[in-house]
Every structure is written in C-alpha cells, then in structure tokens.
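Next comes model-v8.cif, a file with mmCIF, C-alpha atoms.
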data_model
loop_
_atom_site.label_atom_id
_atom_site.label_comp_id
_atom_site.auth_asym_id
_atom_site.auth_seq_id
_atom_site.Cartn_x
_atom_site.Cartn_y
_atom_site.Cartn_z
CA MET A 1 7.27 -30.37 5.30
CA ALA A 2 7.57 -31.23 9.01
CA ARG A 3 10.45 -28.76 9.39
CA ARG A 4 8.37 -26.08 7.71
CA ALA A 5 5.45 -26.79 10.04
CA ASN A 6 7.77 -26.34 13.03
CA HIS A 7 8.91 -23.02 11.59
CA PHE A 8 5.29 -21.93 11.27
CA VAL A 9 4.54 -22.82 14.90
CA LEU A 10 7.57 -20.82 16.03
CA TYR A 11 6.47 -17.93 13.86
CA CYS A 12 3.04 -17.86 15.49
CA ALA A 13 4.58 -17.84 18.97
CA ILE A 14 6.96 -14.99 18.12
CA SER A 15 4.23 -13.05 16.32
CA ALA A 16 2.09 -13.17 19.45
CA CYS A 17 4.88 -11.38 21.31
CA ALA A 18 5.26 -8.84 18.52
CA ALA A 19 1.53 -8.07 18.69
CA ALA A 20 2.02 -6.53 22.12
CA PHE A 21 4.25 -3.89 20.54
CA LEU A 22 1.97 -3.27 17.57
CA CYS A 23 -1.23 -2.74 19.54
CA LEU A 24 0.14 0.48 21.03
CA ALA A 25 0.47 2.16 17.64
CA PRO A 26 -2.17 4.44 16.05
CA SER A 27 -4.80 2.50 14.16
CA ALA A 28 -4.63 1.74 10.47
CA LEU A 29 -7.83 1.22 8.57
CA THR A 30 -8.54 -2.43 7.81
CA PRO A 31 -8.01 -3.23 4.12
CA ALA A 32 -10.72 -4.80 2.01
CA VAL A 33 -10.05 -8.33 0.74
CA ALA A 34 -11.47 -9.00 -2.72
CA GLU A 35 -12.00 -12.69 -3.50
CA THR A 36 -13.37 -14.34 -6.61
CA ALA A 37 -15.25 -17.05 -4.71
CA ALA A 38 -17.33 -14.77 -2.49
CA PRO A 39 -16.51 -11.08 -2.84
CA ALA A 40 -17.60 -9.00 0.14
CA VAL A 41 -19.25 -5.72 -0.81
CA ALA A 42 -19.52 -3.21 2.03
CA PRO A 43 -22.56 -0.93 1.91
CA VAL A 44 -21.45 2.61 1.04
CA PRO A 45 -23.40 5.79 0.39
CA THR A 46 -24.47 6.50 -3.18
CA SER A 47 -22.84 9.95 -2.96
CA PHE A 48 -20.01 11.43 -0.92
CA PRO A 49 -19.13 14.90 0.33
CA ILE A 50 -17.18 16.87 -2.28
CA ALA A 51 -13.91 18.67 -1.54
CA SER A 52 -13.67 21.37 -4.21
CA ASP A 53 -10.62 23.40 -3.14
CA ALA A 54 -7.84 23.57 -0.56
CA ARG A 55 -5.39 26.27 0.45
CA ILE A 56 -2.77 27.11 3.07
CA ALA A 57 -2.35 30.38 4.95
CA GLY A 58 0.00 31.62 7.66
CA ASP A 59 3.71 31.53 8.47
CA ASP A 60 6.37 29.42 10.19
CA HIS A 61 4.74 29.97 13.60
CA GLN A 62 1.04 29.53 12.80
CA THR A 63 -0.33 27.82 9.69
CA ARG A 64 -3.90 27.04 8.61
CA LEU A 65 -5.16 24.41 6.17
CA ILE A 66 -8.57 25.18 4.66
CA VAL A 67 -10.50 22.62 2.63
CA ASP A 68 -13.80 23.60 0.99
CA LEU A 69 -16.46 20.92 1.60
CA ASP A 70 -20.11 20.83 0.63
CA GLY A 71 -21.09 19.22 3.94
CA LYS A 72 -19.86 18.65 7.48
CA VAL A 73 -18.05 15.37 8.19
CA PRO A 74 -16.43 13.91 11.31
CA LEU A 75 -12.65 13.88 11.37
CA ARG A 76 -9.74 12.63 13.43
CA ALA A 77 -6.36 14.36 13.19
CA PHE A 78 -3.14 13.27 14.87
CA ALA A 79 0.58 14.03 14.60
CA LEU A 80 3.48 11.69 13.84
CA ALA A 81 7.25 12.13 14.11
CA ASP A 82 10.29 11.33 11.97
CA PRO A 83 9.30 12.71 9.57
CA TYR A 84 6.92 15.25 11.11
CA ARG A 85 3.39 14.77 9.76
CA VAL A 86 -0.23 15.41 10.60
CA VAL A 87 -2.71 12.76 9.45
CA ILE A 88 -6.39 13.69 8.99
CA ASP A 89 -8.81 10.77 8.68
CA LEU A 90 -12.25 11.45 7.19
CA PRO A 91 -15.23 9.51 5.87
CA GLN A 92 -15.00 8.90 2.13
CA VAL A 93 -14.66 12.21 0.31
CA ASN A 94 -14.86 12.91 -3.41
CA PHE A 95 -11.72 15.00 -3.97
CA ARG A 96 -12.23 17.38 -6.88
CA LEU A 97 -9.29 19.63 -6.13
CA PRO A 98 -7.47 21.61 -8.84
CA LYS A 99 -4.53 19.82 -10.45
CA GLY A 100 -1.32 20.30 -8.47
CA THR A 101 -3.09 20.96 -5.17
CA GLY A 102 -0.83 20.03 -2.27
CA GLU A 103 2.40 19.79 -4.25
CA SER A 104 3.78 22.94 -2.62
CA GLY A 105 3.13 24.43 0.79
CA ARG A 106 3.57 27.37 3.08
CA GLY A 107 4.66 27.98 6.64
CA LEU A 108 4.62 24.78 8.70
CA ILE A 109 3.14 22.70 5.84
CA LYS A 110 5.68 21.71 3.16
CA ALA A 111 3.14 19.81 1.05
CA PHE A 112 0.13 17.54 1.49
CA ARG A 113 -1.42 14.44 -0.08
CA TYR A 114 -4.98 13.16 -0.11
CA GLY A 115 -6.96 10.14 -1.26
CA LEU A 116 -8.94 7.01 -0.39
CA VAL A 117 -7.46 4.66 2.22
CA MET A 118 -10.36 2.19 2.30
CA PRO A 119 -13.93 2.02 1.00
CA GLY A 120 -15.71 4.57 3.16
CA GLY A 121 -12.55 6.29 4.41
CA SER A 122 -10.31 9.09 3.08
CA ARG A 123 -7.11 10.63 4.39
CA ILE A 124 -5.14 13.85 4.11
CA VAL A 125 -1.46 13.76 5.11
CA LEU A 126 0.36 17.03 5.85
CA ASP A 127 4.16 16.98 5.53
CA LEU A 128 5.49 19.43 8.11
CA SER A 129 8.63 21.55 8.02
CA GLY A 130 9.11 21.00 11.76
CA PRO A 131 7.37 19.94 14.98
CA ALA A 132 3.90 21.45 15.41
CA LYS A 133 0.76 20.95 17.45
CA ILE A 134 -2.84 20.80 16.29
CA ALA A 135 -4.16 23.99 17.84
CA LYS A 136 -7.68 23.70 16.44
CA ALA A 137 -9.77 21.52 14.13
CA GLU A 138 -13.26 22.61 13.10
CA MET A 139 -15.97 22.29 10.46
CA LEU A 140 -17.56 25.61 9.43
CA ASP A 141 -21.00 26.12 7.91
CA PRO A 142 -21.32 28.08 4.63
CA ALA A 143 -21.36 31.83 5.37
CA ASN A 144 -21.00 35.15 3.53
CA GLY A 145 -20.92 33.49 0.14
CA GLN A 146 -18.21 31.04 1.22
CA PRO A 147 -18.71 27.25 1.09
CA GLY A 148 -18.53 25.01 4.12
CA ARG A 149 -14.96 24.46 5.23
CA MET A 150 -12.71 22.17 7.21
CA VAL A 151 -10.11 24.21 9.08
CA ILE A 152 -6.97 22.80 10.71
CA ASP A 153 -4.77 25.23 12.66
CA LEU A 154 -1.17 24.30 13.46
CA GLU A 155 1.25 26.02 15.84
CA SER A 156 5.01 25.58 15.97
CA ILE A 157 6.46 23.88 19.10
CA ASP A 158 9.87 22.46 19.98
CA ARG A 159 10.73 18.79 19.53
CA ALA A 160 10.67 18.01 23.25
CA ALA A 161 7.09 19.26 23.55
CA PHE A 162 6.12 17.44 20.35
CA MET A 163 7.50 14.09 21.54
CA GLN A 164 5.87 14.53 24.95
CA ALA A 165 2.52 15.17 23.21
CA LEU A 166 2.95 11.95 21.20
CA GLN A 167 3.52 9.90 24.35
CA THR A 168 0.49 11.36 26.12
CA ALA A 169 -1.79 11.41 23.02
CA GLU A 170 -2.30 15.16 23.44
CA ASN A 171 -1.59 16.08 19.81
CA VAL A 172 -4.87 14.53 18.64
CA ALA A 173 -8.12 16.21 17.60
CA GLU A 174 -11.43 14.50 16.86
CA LEU A 175 -14.63 16.11 15.60
CA ARG A 176 -17.89 14.21 15.91
CA PRO A 177 -21.35 15.60 15.07
CA THR A 178 -23.60 15.97 18.12
CA VAL A 179 -27.08 17.36 18.69
CA ALA A 180 -25.59 20.74 19.57
CA GLY A 181 -23.14 20.79 16.65
CA THR A 182 -19.63 19.42 17.03
CA GLU A 183 -17.35 18.65 19.91
CA THR A 184 -13.59 18.15 20.08
CA THR A 185 -12.19 15.17 21.97
CA ALA A 186 -8.89 13.33 22.19
CA THR A 187 -8.74 9.55 21.91
CA VAL A 188 -6.15 6.82 21.49
CA SER A 189 -6.99 4.17 18.90
CA ARG A 190 -5.92 0.54 18.76
CA SER A 191 -4.94 -1.60 15.81
CA VAL A 192 -7.65 -3.67 14.15
CA PRO A 193 -6.96 -7.31 13.21
CA LEU A 194 -7.44 -8.35 9.62
CA PRO A 195 -10.49 -10.51 8.87
CA LYS A 196 -9.84 -14.17 8.14
CA VAL A 197 -11.94 -15.70 5.39
CA GLU A 198 -13.21 -19.13 6.45
CA THR A 199 -13.80 -21.52 3.57
CA ASP A 200 -13.89 -25.23 2.83
CA ASP A 201 -12.57 -24.60 -0.68
CA PRO A 202 -9.50 -26.88 -1.04
CA ARG A 203 -8.05 -25.06 -4.04
CA PRO A 204 -4.69 -23.27 -3.63
CA VAL A 205 -5.00 -19.55 -2.92
CA VAL A 206 -3.23 -17.05 -5.18
CA VAL A 207 -3.02 -13.50 -3.81
CA ILE A 208 -2.64 -10.80 -6.46
CA ASP A 209 -1.38 -7.49 -5.06
CA PRO A 210 -1.90 -4.35 -7.19
CA GLY A 211 0.67 -1.92 -5.81
CA HIS A 212 -0.11 1.51 -4.35
CA GLY A 213 -3.69 2.87 -4.43
CA GLY A 214 -5.76 5.59 -2.83
CA ILE A 215 -3.56 8.30 -1.39
CA ASP A 216 -0.49 6.62 -2.92
CA ASN A 217 -0.36 7.10 -6.70
CA GLY A 218 2.95 5.32 -7.17
CA THR A 219 4.94 6.50 -10.17
CA GLN A 220 3.35 8.70 -12.83
CA SER A 221 3.97 9.19 -16.52
CA ALA A 222 4.83 12.60 -17.94
CA ASP A 223 1.18 13.13 -18.89
CA GLY A 224 -0.14 12.07 -15.48
CA VAL A 225 -1.05 8.38 -15.91
CA ALA A 226 -0.74 6.86 -12.42
CA GLU A 227 0.93 3.53 -11.71
CA LYS A 228 -1.86 2.60 -9.29
CA THR A 229 -4.40 2.60 -12.15
CA ILE A 230 -2.21 0.61 -14.57
CA VAL A 231 -1.45 -2.15 -12.08
CA LEU A 232 -5.04 -2.42 -10.83
CA ASP A 233 -6.29 -2.96 -14.39
CA PHE A 234 -3.65 -5.65 -14.88
CA ALA A 235 -4.39 -7.35 -11.53
CA VAL A 236 -8.14 -7.49 -12.17
CA ALA A 237 -7.54 -8.97 -15.63
CA LEU A 238 -5.17 -11.56 -14.11
CA ARG A 239 -7.70 -12.45 -11.43
CA ASP A 240 -10.39 -12.95 -14.05
CA ARG A 241 -8.09 -15.12 -16.21
CA LEU A 242 -7.16 -17.35 -13.26
CA ALA A 243 -10.80 -17.57 -12.17
CA GLN A 244 -11.74 -18.84 -15.63
CA GLN A 245 -9.31 -21.73 -15.20
CA GLY A 246 -11.11 -22.75 -12.01
CA LYS A 247 -8.00 -24.30 -10.44
CA PHE A 248 -7.29 -21.60 -7.87
CA ARG A 249 -9.03 -19.37 -5.39
CA VAL A 250 -7.87 -15.84 -6.24
CA VAL A 251 -7.74 -12.94 -3.77
CA LEU A 252 -6.92 -9.31 -4.55
CA THR A 253 -5.36 -7.18 -1.83
CA ARG A 254 -7.37 -4.30 -3.29
CA ALA A 255 -10.08 -4.28 -5.95
CA ASP A 256 -10.50 -0.51 -6.16
CA ASP A 257 -8.59 2.74 -5.59
CA THR A 258 -7.81 2.03 -1.93
CA PHE A 259 -4.61 2.51 0.07
CA ILE A 260 -3.41 -0.69 1.77
CA PRO A 261 -0.36 -0.58 4.10
CA LEU A 262 2.50 -2.87 3.06
CA GLY A 263 2.31 -5.01 6.16
CA ASP A 264 -1.41 -5.58 5.67
CA ARG A 265 -0.78 -6.84 2.13
CA VAL A 266 1.54 -9.47 3.59
CA LYS A 267 -0.97 -10.27 6.35
CA ILE A 268 -3.69 -10.85 3.76
CA ALA A 269 -1.51 -13.49 2.10
CA ARG A 270 -0.79 -15.18 5.43
CA GLU A 271 -4.39 -14.99 6.67
CA GLN A 272 -5.52 -16.64 3.44
CA SER A 273 -2.81 -19.36 3.73
CA ALA A 274 -1.76 -18.36 0.23
CA ALA A 275 0.22 -20.72 -1.95
CA LEU A 276 1.59 -17.76 -3.94
CA PHE A 277 1.77 -13.96 -3.65
CA VAL A 278 2.30 -11.83 -6.78
CA SER A 279 2.74 -8.07 -6.39
CA ILE A 280 2.18 -5.99 -9.54
CA HIS A 281 3.97 -2.67 -10.13
CA ALA A 282 5.35 -0.37 -12.84
CA ASP A 283 8.62 1.54 -12.52
CA ALA A 284 9.87 4.96 -13.61
CA LEU A 285 13.40 6.28 -13.78
CA PRO A 286 14.02 9.72 -12.30
CA ARG A 287 14.69 12.45 -14.82
CA ARG A 288 18.25 12.79 -16.12
CA GLU A 289 19.01 9.18 -15.14
CA GLY A 290 18.76 7.82 -18.66
CA ASP A 291 16.13 5.48 -20.04
CA ALA A 292 15.17 1.88 -19.36
CA GLN A 293 12.51 -0.43 -20.70
CA GLY A 294 10.97 -3.85 -20.26
CA ALA A 295 9.53 -5.96 -17.46
CA THR A 296 11.56 -7.06 -14.42
CA ILE A 297 10.89 -9.79 -11.87
CA TYR A 298 12.04 -9.25 -8.29
CA THR A 299 12.51 -11.67 -5.42
CA LEU A 300 13.38 -10.94 -1.80
CA SER A 301 16.98 -10.51 -0.73
CA ASP A 302 18.67 -8.78 2.19
CA LYS A 303 21.23 -7.44 -0.29
CA ALA A 304 20.05 -5.76 -3.49
CA SER A 305 21.30 -7.24 -6.76
CA ASP A 306 22.24 -3.79 -8.08
CA ALA A 307 21.85 -0.07 -7.41
CA GLU A 308 18.64 0.19 -9.43
CA ALA A 309 17.07 -2.65 -7.44
CA GLN A 310 18.02 -0.88 -4.21
CA ARG A 311 16.55 2.41 -5.47
CA LEU A 312 13.29 0.73 -6.35
CA ALA A 313 13.03 -1.16 -3.06
CA ASP A 314 13.72 2.02 -1.09
CA ALA A 315 11.00 3.84 -3.03
CA GLU A 316 8.42 1.06 -2.68
CA ASN A 317 9.15 0.61 1.04
CA LYS A 318 8.16 4.24 1.66
CA ALA A 319 4.54 3.57 0.71
CA ASP A 320 3.35 3.45 4.33
CA ALA A 321 4.92 6.84 5.04
CA ILE A 322 3.02 8.20 2.04
CA GLY A 323 -0.16 6.85 3.61
CA GLY A 324 0.76 8.64 6.82
CA VAL A 325 0.87 5.71 9.25
CA ASN A 326 3.31 2.82 9.45
CA LEU A 327 2.26 -0.08 11.71
CA THR A 328 4.24 -2.86 10.12
CA GLU A 329 7.66 -2.56 11.76
CA GLU A 330 8.42 -5.50 14.03
CA PRO A 331 11.24 -5.54 16.59
CA THR A 332 14.52 -6.31 14.82
CA GLU A 333 15.21 -9.46 16.84
CA VAL A 334 11.80 -10.88 15.86
CA ALA A 335 12.29 -10.13 12.16
CA ASP A 336 15.77 -11.71 12.23
CA ILE A 337 14.48 -14.95 13.73
CA LEU A 338 11.58 -15.17 11.28
CA ILE A 339 13.78 -14.56 8.26
CA ASP A 340 16.44 -17.01 9.41
CA LEU A 341 14.09 -19.87 10.27
CA ALA A 342 11.11 -19.59 7.99
CA GLN A 343 12.17 -17.88 4.79
CA ARG A 344 14.92 -20.24 3.67
CA GLU A 345 12.56 -22.71 2.05
CA THR A 346 10.15 -19.98 0.96
CA LYS A 347 12.93 -18.11 -0.84
CA ALA A 348 13.80 -21.25 -2.79
CA PHE A 349 10.18 -21.61 -3.97
CA SER A 350 10.03 -17.88 -4.78
CA ASN A 351 13.13 -18.13 -6.95
CA ARG A 352 11.77 -21.21 -8.68
CA PHE A 353 8.53 -19.39 -9.53
CA ALA A 354 10.47 -16.32 -10.71
CA GLN A 355 12.40 -18.50 -13.16
CA GLN A 356 9.17 -20.00 -14.50
CA LEU A 357 7.65 -16.54 -14.75
CA MET A 358 10.59 -15.15 -16.70
CA LYS A 359 10.44 -18.10 -19.12
CA ASP A 360 6.74 -17.59 -19.86
CA MET A 361 6.83 -13.79 -19.97
CA LYS A 362 9.79 -13.70 -22.39
CA ALA A 363 7.63 -15.40 -25.00
CA THR A 364 5.11 -12.55 -25.08
CA THR A 365 6.54 -9.50 -23.30
CA ARG A 366 9.56 -7.27 -23.74
CA MET A 367 11.83 -7.87 -20.75
CA HIS A 368 14.47 -5.66 -19.12
CA LYS A 369 18.08 -6.35 -20.13
CA ARG A 370 18.49 -7.83 -16.63
CA PRO A 371 15.04 -9.35 -16.05
CA MET A 372 15.81 -11.12 -12.74
CA LYS A 373 16.72 -8.99 -9.71
CA SER A 374 16.40 -9.03 -5.94
CA ALA A 375 16.11 -6.48 -3.12
CA GLY A 376 14.61 -6.02 0.34
CA PHE A 377 10.98 -5.36 -0.59
CA ARG A 378 8.85 -5.38 2.56
CA VAL A 379 5.82 -6.58 0.62
CA LEU A 380 7.66 -9.85 -0.20
CA LYS A 381 8.48 -10.74 3.41
CA ALA A 382 5.75 -13.25 4.20
CA PRO A 383 7.89 -15.99 5.81
CA ASP A 384 5.86 -18.93 4.51
CA VAL A 385 4.36 -17.65 1.21
CA PRO A 386 6.43 -17.75 -2.00
CA SER A 387 6.36 -14.18 -3.28
CA VAL A 388 7.53 -12.18 -6.29
CA LEU A 389 7.15 -8.59 -7.44
CA ILE A 390 6.65 -7.87 -11.15
CA GLU A 391 7.57 -4.49 -12.60
CA LEU A 392 5.53 -4.59 -15.82
CA GLY A 393 7.59 -1.85 -17.45
CA TYR A 394 8.64 1.78 -17.17
CA VAL A 395 6.03 4.52 -17.35
CA SER A 396 8.95 6.87 -18.02
CA ASN A 397 9.60 5.06 -21.32
CA LYS A 398 7.21 6.06 -24.13
CA ALA A 399 7.20 2.63 -25.77
CA ASP A 400 6.65 0.82 -22.46
CA LEU A 401 3.86 3.19 -21.50
CA GLN A 402 2.13 2.52 -24.79
CA TYR A 403 2.27 -1.20 -24.03
CA LEU A 404 1.08 -0.74 -20.47
CA LEU A 405 -2.01 1.08 -21.68
CA SER A 406 -2.74 -1.42 -24.47
CA GLU A 407 -5.50 -3.98 -23.90
CA GLN A 408 -3.86 -6.30 -26.43
CA TRP A 409 -0.52 -6.21 -24.58
CA ARG A 410 -2.28 -6.63 -21.24
CA SER A 411 -4.18 -9.68 -22.46
CA LYS A 412 -1.01 -11.39 -23.76
CA THR A 413 1.01 -10.60 -20.66
CA VAL A 414 -1.79 -11.64 -18.30
CA GLY A 415 -1.91 -14.94 -20.18
CA ALA A 416 1.83 -15.46 -19.69
CA VAL A 417 1.67 -14.73 -15.95
CA ALA A 418 -1.37 -16.99 -15.53
CA GLN A 419 0.44 -19.78 -17.36
CA ALA A 420 3.47 -19.41 -15.08
CA ILE A 421 1.27 -19.54 -11.98
CA ASP A 422 -0.47 -22.66 -13.27
CA SER A 423 2.81 -24.40 -14.13
CA PHE A 424 4.48 -23.55 -10.82
CA LEU A 425 1.60 -24.54 -8.55
CA SER A 426 0.83 -27.70 -10.50
CA LYS A 427 4.44 -28.90 -10.11
CA ARG A 428 4.57 -27.88 -6.46
CA LEU A 429 1.36 -29.73 -5.58
CA VAL A 430 2.62 -32.88 -7.29
CA THR A 431 5.96 -32.61 -5.46
CA ALA A 432 4.29 -32.03 -2.08
CA GLY A 433 2.08 -35.07 -2.49
CA PRO A 434 -1.13 -35.73 -0.54
CA PRO A 435 -1.45 -34.19 2.95
CA GLY A 436 -0.77 -36.29 5.98
#
Write the structure described by the file as structure tokens, please.
Amino acid sequence: MARRANHFVLYCAISACAAAFLCLAPSALTPAVAETAAPAVAPVPTSFPIASDARIAGDDHQTRLIVDLDGKVPLRAFALADPYRVVIDLPQVNFRLPKGTGESGRGLIKAFRYGLVMPGGSRIVLDLSGPAKIAKAEMLDPANGQPGRMVIDLESIDRAAFMQALQTAENVAELRPTVAGTETTATVSRSVPLPKVETDDPRPVVVIDPGHGGIDNGTQSADGVAEKTIVLDFAVALRDRLAQQGKFRVVLTRADDTFIPLGDRVKIAREQSAALFVSIHADALPRREGDAQGATIYTLSDKASDAEAQRLADAENKADAIGGVNLTEEPTEVADILIDLAQRETKAFSNRFAQQLMKDMKATTRMHKRPMKSAGFRVLKAPDVPSVLIELGYVSNKADLQYLLSEQWRSKTVGAVAQAIDSFLSKRLVTAGPPG
C-alpha cells in the first residue's frame, strides 16, 4: 500500500505538468456526475428551441449549412484539424430532424452529426472534405414564409492557411444576442476542471460508466436501436441495485443522453477516488464479417488479445472525435511513466475482478465463446482505479438484441454484475485491512 501511495504522489506531480499542455486546448463541456447519495440536478428550461430541418448547399469552394430553428440561440463555431472538422456549440436544442439527416453531404461538408453534449448544451459536428474557414455564422429571423434559420458559410482554403488560423484562433465564430441583435466575436476558451464531490461517506465508490451518449450513438441495430440507450438503461438498473444493498456509494458518469469525453469519464473515477470503474457497452460486427453473440469482459492491455479486441478498442477510442473535440491526449512520455509505475498493481486488481465477473455472469448470461479479452481502451486507463469494460452482447445478433431489450434479462444480468462487485470489493477490503 505504501508503494501504491508513492505512485499516486508521483502521478499527481506528473499530472500537474501535463495540465499545462491541456489548458491550451479548446474547451470541452464539463460532464454531469450522477450520484446516488446526493444527485445534483442543474436547473434547465422546461422547453428548448426546436431544430426541424437541416440542409447543405454549395460546392467544393463555398458551402452553406442551414438549420431551421424556431428561435434564435447563441452559438460558438470553431475548426479542428486531422481530421478536418467544424464544431458548432449551442444551448440545448430539441433536434427533430428527418431520419438520415447528416449521413451524406455536399461540397466541403462530407457529413454531420448532432446531439446533446451536456444538460443545457448541444453540438453539431461537420466532417469536412478538406481545409476550410468559417466565412460567416448568423441567425436569421423568420421571413417570406421561411422559419428562423442558423446559417454557417464555409470557404475552401489551403492547409497552410488553415493551420495558421488554428494557431491564431482566427477560424472561430461566436454569436451572442445583444440589444441591437447579434454580434460576431472570436474568443479562445480554456479547459474547465471537473467538480470534486466532497463527502464524509466512508463507503467504497463504484463508478458505472454507460458508454457513448448525446451526439455519439455508439453502435446501432438494423432497426435503429442505439447502443447508448441500451447501456444507459442497464447502468441505471445496476446503480439502483447496488444502492439497495447500501454497501457502496454509486456514481454514474452520465445519467441521461449526454456526451462525455473519454478522458472525463476516467477523471470522474479518479476525482471520486473510486474503488472500481465498470464501463458498459454493446458491440456490433460490421456487415459481411459473420455473426457473433454473447457478453465479453475486457481489461486494459497495451497489446490486444485478438483482432476483434483491437477492432473494438479502435472504434471505442474514436468517441472523442465523434464528439468533435479531444482533450484527453497526454504527452507520450507522461503516459508511459504513469502506466509503468501506477498501473501494475491496478491491472492485477482489474484482472481479478474480471475473473469474478465472468464467474457470476456465466451463471445467468450467455457469454461469448472467448469471454475474457484485453485491448488498449482509453476509458480503462485510470492508473489507480481497477477498471473493466463489459460488452453486454451484440446488437447485430438478433438473439442478443432480444436479450438486451428484455427487462427480465436485464434484471438477471444486473444481479450477476452487482454480485460480482460485492464479492470483489468485500474481499479487497478485508485484504487491505484497516487504514493506517
């Protein structure tokens, strides 16, 4: 335990250096932390502006995005490189766009995504076919029988000009309501630290992480059932089951349809001094790659256990790019030191919990033919929190999907996971002995 404490002190010192790099990046919205003991409920409006349609016009030199809105809202738009994107941050918007909107594009916009990134905040991410600048951003009043509209104009530029604009924060547009209407300004934002929950509750903290959310749907079944919905339902049920036991303080990384960056999920676990971090997901095989079924349990490894584990880790690690902004990359030398010094003991505990989890889940849940795997999942990289990722099943498999949507299956499987958590933490607390 003393060695682990020394590792933690070193981690804090190195992290302080890493923070200097991170504070220069564009801001990510602070995720909400949902806790059973004292859930924080932010005041939000009873109704939100409605986006009813969106379309793209123009060519490879000049392209316009038009979104029909029933009211003016402030916005902030900025560009990102590698891949080329434009991110548009808005207050919370009720997206009622036709099915398939954004899946294909035109001109400089290849496609776009939209959704909630936090309670009170929405985001639209434009995937660009090449470097472009934000030539204009405006909110238009209804006129000539047309609804109110948000208009974003893009113009093609070369990469050198694009990268120069990134360094000088020129490729940024912000609209804020004023007495006279709206004005356009350019600003540089800073990262916002995650809130730390202060509590005298001595119970171990279990962080349950429903994957994806908001703008990031995760995988989807053939008939459109989103992974983010399946795993949130499971995570909430697991939280409630653990809360009934009364032995643990349970925290959700998200309790609603909100996008949370991968690094912030890890930070939530560390800020809460979590004894265990469990990330909940559901997989899907690409078409023409056969069929697979059953639950799989993943632990962290620098080298994937097989090609499928590597495919899944690569897909999951792209979640921040889907959200438009990635603030979680630390300098390589920092990450190497943290992994080498701090994760050795944590990995051993993670593997021990994974074994317990597999034992309990096998009694109630259909498991994959290879139920234990490992890969480089970024969401499992808390250096001092034992962490696992559970793929509950495959939404691409009809039988698995039927289970995933079944309340009876969910109740049995939640019970198995809760039992594994109880068994693991009870043994670990006994082994650790009293503090001091």
Interatomic distance, atom CA of A:Val172 to atom CA of A:Gln146 (Å, one decimal):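 These two atoms are separated by 27.5 Å.
Between A:Ala226 and the candidates A:Arg270, A:Asp59, A:Pro261, A:Asp283, the tightest atom-to-atom separation, counting all atoms listed in the file, involves A:Asp283.
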Local residues around (-4.3, 3.7, -0.6), at most 6 Å away, using only C-alpha atoms, as a PyMOL selection string: chain A and resi 116-117+213-216+258-260
Nearest candidate to A:Gly115 (options A:Lys398, A:Arg96, A:Arg344, A:Lys72; using all atoms listed in the file):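 So, comparing all the options, the nearest one is A:Arg96.
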In the coordinate frame of the file, compute which residues have an atom within 9 Å of (-13.2, 14.5, 9.3) when using all atoms listed in the file, and state them as an mmCIF file with C-alpha atoms, keeping the file's coordinate frame.
data_model
loop_
_atom_site.group_PDB
_atom_site.id
_atom_site.type_symbol
_atom_site.label_atom_id
_atom_site.label_comp_id
_atom_site.auth_asym_id
_atom_site.auth_seq_id
_atom_site.Cartn_x
_atom_site.Cartn_y
_atom_site.Cartn_z
ATOM 1 C CA LYS A 72 -19.860 18.650 7.480
ATOM 2 C CA VAL A 73 -18.050 15.370 8.190
ATOM 3 C CA PRO A 74 -16.430 13.910 11.310
ATOM 4 C CA LEU A 75 -12.650 13.880 11.370
ATOM 5 C CA ARG A 76 -9.740 12.630 13.430
ATOM 6 C CA ALA A 77 -6.360 14.360 13.190
ATOM 7 C CA ILE A 88 -6.390 13.690 8.990
ATOM 8 C CA ASP A 89 -8.810 10.770 8.680
ATOM 9 C CA LEU A 90 -12.250 11.450 7.190
ATOM 10 C CA PRO A 91 -15.230 9.510 5.870
ATOM 11 C CA SER A 122 -10.310 9.090 3.080
ATOM 12 C CA ARG A 123 -7.110 10.630 4.390
ATOM 13 C CA GLU A 138 -13.260 22.610 13.100
ATOM 14 C CA MET A 139 -15.970 22.290 10.460
ATOM 15 C CA MET A 150 -12.710 22.170 7.210
ATOM 16 C CA GLU A 174 -11.430 14.500 16.860
ATOM 17 C CA LEU A 175 -14.630 16.110 15.600
ATOM 18 C CA ARG A 176 -17.890 14.210 15.910
#
Separation of atom CA of A:Arg239 from atom CA of A:Ala275, in Å and rounded to one decimal: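 It comes out at 14.9 Å.
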Env of stretch 164-167 of chain A: 10 Å cut, atoms = only C-alpha atoms, seq-sep filter 5 positions within chain, self excluded. Answer as a compact mmCIF listing (two decimals) with C-alpha atoms, keeping the file's coordinate frame.
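Contents of selection-v7.txt, as written:
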# COMPACT_ATOMS: atom_id res chain seq x y z
CA PHE A 78 -3.14 13.27 14.87
CA ALA A 79 0.58 14.03 14.60
CA LEU A 80 3.48 11.69 13.84
CA ALA A 81 7.25 12.13 14.11
CA LYS A 133 0.76 20.95 17.45
CA ARG A 159 10.73 18.79 19.53
CA VAL A 172 -4.87 14.53 18.64
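The closest residue to A:His61, picked from A:Ala137, A:Asp153, A:Arg85, A:Arg113 and counting only C-alpha atoms, is A:Asp153.
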Long-range neighbours of A:Asp422 as a PyMOL selection string, 9 Å cut-off, all atoms listed in the file, 5 positions minimum in chain: chain A and resi 242+247-248+417+427
Given the selection you just returned, output its residues as a file containing C-alpha atoms, formatted as a tab-separated table (two decimals), in the frame of the given file.
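This is the output file out32.tsv:
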chain	number	residue	atom	x	y	z
A	242	LEU	CA	-7.16	-17.35	-13.26
A	247	LYS	CA	-8.00	-24.30	-10.44
A	248	PHE	CA	-7.29	-21.60	-7.87
A	417	VAL	CA	1.67	-14.73	-15.95
A	427	LYS	CA	4.44	-28.90	-10.11
Best match for closeness to A:Gly415 among A:Ala237, A:Ala399, A:Val388, A:Ala173, counting all atoms listed in the file: A:Ala237
Save N, CA, C and O atoms of stretch 257-264 of chain A from the block above as a compact mmCIF listing (two decimals), in the first residue's frame.
# COMPACT_ATOMS: atom_id res chain seq x y z
N ASP A 257 -29.02 11.31 -21.69
CA ASP A 257 -28.45 11.22 -23.04
C ASP A 257 -27.46 12.36 -23.27
O ASP A 257 -27.73 13.30 -24.00
N THR A 258 -26.30 12.25 -22.61
CA THR A 258 -25.28 13.30 -22.65
C THR A 258 -23.96 12.72 -23.17
O THR A 258 -23.60 11.60 -22.82
N PHE A 259 -23.26 13.49 -23.99
CA PHE A 259 -21.93 13.07 -24.45
C PHE A 259 -20.88 13.43 -23.40
O PHE A 259 -20.81 14.57 -22.96
N ILE A 260 -20.07 12.45 -23.01
CA ILE A 260 -18.98 12.66 -22.06
C ILE A 260 -17.68 12.22 -22.72
O ILE A 260 -17.57 11.05 -23.12
N PRO A 261 -16.68 13.08 -22.87
CA PRO A 261 -15.40 12.66 -23.44
C PRO A 261 -14.77 11.52 -22.64
O PRO A 261 -14.97 11.41 -21.42
N LEU A 262 -14.00 10.68 -23.32
CA LEU A 262 -13.42 9.51 -22.67
C LEU A 262 -12.54 9.89 -21.48
O LEU A 262 -12.61 9.27 -20.42
N GLY A 263 -11.71 10.89 -21.67
CA GLY A 263 -10.82 11.30 -20.59
C GLY A 263 -11.57 11.79 -19.37
O GLY A 263 -11.14 11.58 -18.23
N ASP A 264 -12.71 12.44 -19.58
CA ASP A 264 -13.50 12.93 -18.45
C ASP A 264 -14.16 11.79 -17.70
O ASP A 264 -14.38 11.89 -16.48
